[in-house]
Amino acid sequence: MSQRYRITRALQVNDNSEAVITLEECKQYFASQSDFSYTSVFTITGTTTMSIEGDFFMWSYGDSKIPFRHYQGDVYVSGTNEAVIPRMMEVASDLRADIVGE
């Protein structure tokens with residue numbers, strides 16, 4: 001089973017920052033990153049095909065597309081590909097957020 005990470009501001013007690021990461025904030029941030037693209041449907045293809053609706057920011061890494069999903073004020077990403085860790089840390093820093101392993 002792969003590690004899943006949550007980029008969140010829920011651990012911050014500072015009244016000067018937003019407690020949630022808004023979808024609009026994510027759209028603006030990821031649009032400024034040349035290696036990300038937005039999609040509202042993430043499709044997984046294997047022995048069967050499954051599509052998940054939501055707000056996905058797809059990180060292009062080589063031939064791979066790794067989804068960063070905005071959901072209820074946080075951003076989730078799988079740690080299946082270890083290359084995602086430094087990029088995830090950069091995203092969390094830029095969004096002024098923390099990383100929680102789940």
# chains A, B, ... in the order shown; residues from 1 in each chain; ligands from 1
$ residues_around --residues "Thr8 of chain A" --least-positions-apart "4" --cutoff "10 Å" --atoms "only C-alpha atoms" --output "MDAnalysis selection string"
chainID A and resid 12 19:21 73:76 92 95:100
$ residues_around --residues "Lys27 of chain A" --least-positions-apart "4" --cutoff "12 Å" --atoms "only C-alpha atoms" --output "list in words"
Ile21, Thr22, Leu23, Ala31, Ser32, Gln33, Phe36, Ser37, Tyr38, Thr39, Ser40, Asp55, Phe56, Phe57, Met58, Phe68, Arg69, His70, Val75 and Leu95 of chain A
$ atom_distance --atom1 "atom CA of Glu24 of chain A" --atom2 "atom CA of Tyr71 of chain A"
12.1 Å
$ residues_around --residues "Gly62 of chain A" --least-positions-apart "2" --cutoff "12 Å" --atoms "only C-alpha atoms" --output "ChimeraX atom specification"
/A:35,59-60,64-66,81,83-84
$ residues_around --residues "Ile44 of chain A" --least-positions-apart "3" --cutoff "12 Å" --atoms "only C-alpha atoms" --output "short mmCIF file (atom, residue, chain, number, x, y, z; two decimals) with C-alpha atoms, in the first residue's frame"
data_model
loop_
_atom_site.label_atom_id
_atom_site.label_comp_id
_atom_site.auth_asym_id
_atom_site.auth_seq_id
_atom_site.Cartn_x
_atom_site.Cartn_y
_atom_site.Cartn_z
CA VAL A 41 -11.95 13.98 -14.15
CA THR A 47 -7.53 -4.18 -16.31
CA THR A 48 -10.59 -1.96 -15.91
CA THR A 49 -11.04 1.77 -16.39
CA MET A 50 -12.26 4.02 -13.60
CA SER A 51 -12.95 7.76 -13.72
CA ILE A 52 -13.10 9.92 -10.60
CA GLU A 53 -14.66 13.37 -10.68
CA LYS A 65 1.04 12.10 -14.65
CA ILE A 66 0.68 12.32 -10.86
CA PRO A 67 -2.55 13.79 -9.46
#
$ atom_distance --atom1 "atom CA of Glu90 of chain A" --atom2 "atom CA of Arg6 of chain A"
13.4 Å
$ closest_residue --among "A:Thr43, A:Pro86, A:Gly101, A:Gly54" --to "Gln72 of chain A" --atoms "only C-alpha atoms"
A:Gly54
$ select_by_dssp --residues "chain A" --states "strand (DSSP E)" --output "number ranges by chain"
A: 4-8, 36-45, 49-61, 64-71, 74-78, 98-101
$ decode --residues "segment 63-85 of chain A" --atoms "N, CA, C and O atoms" --output "CSV table (one decimal), in the first residue's frame"
chain,number,residue,atom,x,y,z
A,63,ASP,N,7.2,10.5,-18.2
A,63,ASP,CA,6.1,9.9,-18.9
A,63,ASP,C,4.9,9.8,-17.9
A,63,ASP,O,3.8,9.3,-18.3
A,64,SER,N,5.1,10.1,-16.6
A,64,SER,CA,4.0,10.0,-15.6
A,64,SER,C,3.2,11.2,-15.4
A,64,SER,O,3.7,12.3,-15.6
A,65,LYS,N,1.9,11.0,-15.1
A,65,LYS,CA,1.0,12.1,-14.7
A,65,LYS,C,0.6,11.7,-13.2
A,65,LYS,O,0.0,10.7,-13.0
A,66,ILE,N,1.0,12.6,-12.3
A,66,ILE,CA,0.7,12.3,-10.9
A,66,ILE,C,-0.3,13.3,-10.4
A,66,ILE,O,-0.1,14.5,-10.4
A,67,PRO,N,-1.5,12.9,-9.9
A,67,PRO,CA,-2.6,13.8,-9.5
A,67,PRO,C,-2.3,14.4,-8.1
A,67,PRO,O,-2.0,13.7,-7.1
A,68,PHE,N,-2.5,15.7,-8.0
A,68,PHE,CA,-2.6,16.4,-6.7
A,68,PHE,C,-4.1,16.8,-6.7
A,68,PHE,O,-4.5,17.5,-7.5
A,69,ARG,N,-4.8,16.3,-5.7
A,69,ARG,CA,-6.2,16.5,-5.7
A,69,ARG,C,-6.6,17.5,-4.6
A,69,ARG,O,-6.3,17.3,-3.4
A,70,HIS,N,-7.4,18.5,-5.0
A,70,HIS,CA,-7.9,19.4,-4.0
A,70,HIS,C,-9.2,18.8,-3.5
A,70,HIS,O,-10.1,18.4,-4.3
A,71,TYR,N,-9.4,18.7,-2.2
A,71,TYR,CA,-10.6,18.1,-1.6
A,71,TYR,C,-10.8,18.7,-0.2
A,71,TYR,O,-9.9,18.6,0.7
A,72,GLN,N,-11.9,19.4,0.0
A,72,GLN,CA,-12.3,19.9,1.2
A,72,GLN,C,-11.2,20.7,1.9
A,72,GLN,O,-11.0,20.6,3.1
A,73,GLY,N,-10.6,21.6,1.2
A,73,GLY,CA,-9.7,22.6,1.8
A,73,GLY,C,-8.3,22.1,1.9
A,73,GLY,O,-7.4,22.8,2.5
A,74,ASP,N,-8.0,20.9,1.4
A,74,ASP,CA,-6.6,20.3,1.5
A,74,ASP,C,-6.3,19.8,0.1
A,74,ASP,O,-7.1,19.7,-0.8
A,75,VAL,N,-5.0,19.5,-0.1
A,75,VAL,CA,-4.5,18.9,-1.3
A,75,VAL,C,-3.9,17.5,-1.0
A,75,VAL,O,-3.1,17.4,-0.1
A,76,TYR,N,-4.3,16.5,-1.7
A,76,TYR,CA,-3.9,15.1,-1.4
A,76,TYR,C,-3.0,14.7,-2.6
A,76,TYR,O,-3.3,15.0,-3.8
A,77,VAL,N,-2.0,13.9,-2.3
A,77,VAL,CA,-1.1,13.3,-3.3
A,77,VAL,C,-0.6,11.9,-2.8
A,77,VAL,O,-0.3,11.8,-1.6
A,78,SER,N,-0.4,11.0,-3.7
A,78,SER,CA,0.1,9.7,-3.4
A,78,SER,C,1.7,9.8,-3.4
A,78,SER,O,2.2,10.4,-4.3
A,79,GLY,N,2.3,9.0,-2.5
A,79,GLY,CA,3.7,8.9,-2.5
A,79,GLY,C,4.3,7.7,-3.2
A,79,GLY,O,5.4,7.3,-3.0
A,80,THR,N,3.5,7.1,-4.1
A,80,THR,CA,3.9,5.9,-4.9
A,80,THR,C,5.2,6.1,-5.6
A,80,THR,O,6.1,5.3,-5.6
A,81,ASN,N,5.3,7.3,-6.3
A,81,ASN,CA,6.5,7.6,-7.0
A,81,ASN,C,7.3,8.6,-6.1
A,81,ASN,O,6.9,9.7,-5.7
A,82,GLU,N,8.5,8.1,-5.6
A,82,GLU,CA,9.2,8.9,-4.6
A,82,GLU,C,9.7,10.2,-5.2
A,82,GLU,O,10.0,11.1,-4.4
A,83,ALA,N,9.7,10.4,-6.5
A,83,ALA,CA,10.0,11.7,-7.1
A,83,ALA,C,9.0,12.8,-6.7
A,83,ALA,O,9.3,14.0,-6.7
A,84,VAL,N,7.8,12.4,-6.2
A,84,VAL,CA,6.8,13.4,-5.9
A,84,VAL,C,7.1,14.1,-4.6
A,84,VAL,O,6.7,15.2,-4.3
A,85,ILE,N,8.0,13.5,-3.7
A,85,ILE,CA,8.2,14.0,-2.4
A,85,ILE,C,8.8,15.4,-2.4
A,85,ILE,O,8.3,16.4,-1.8
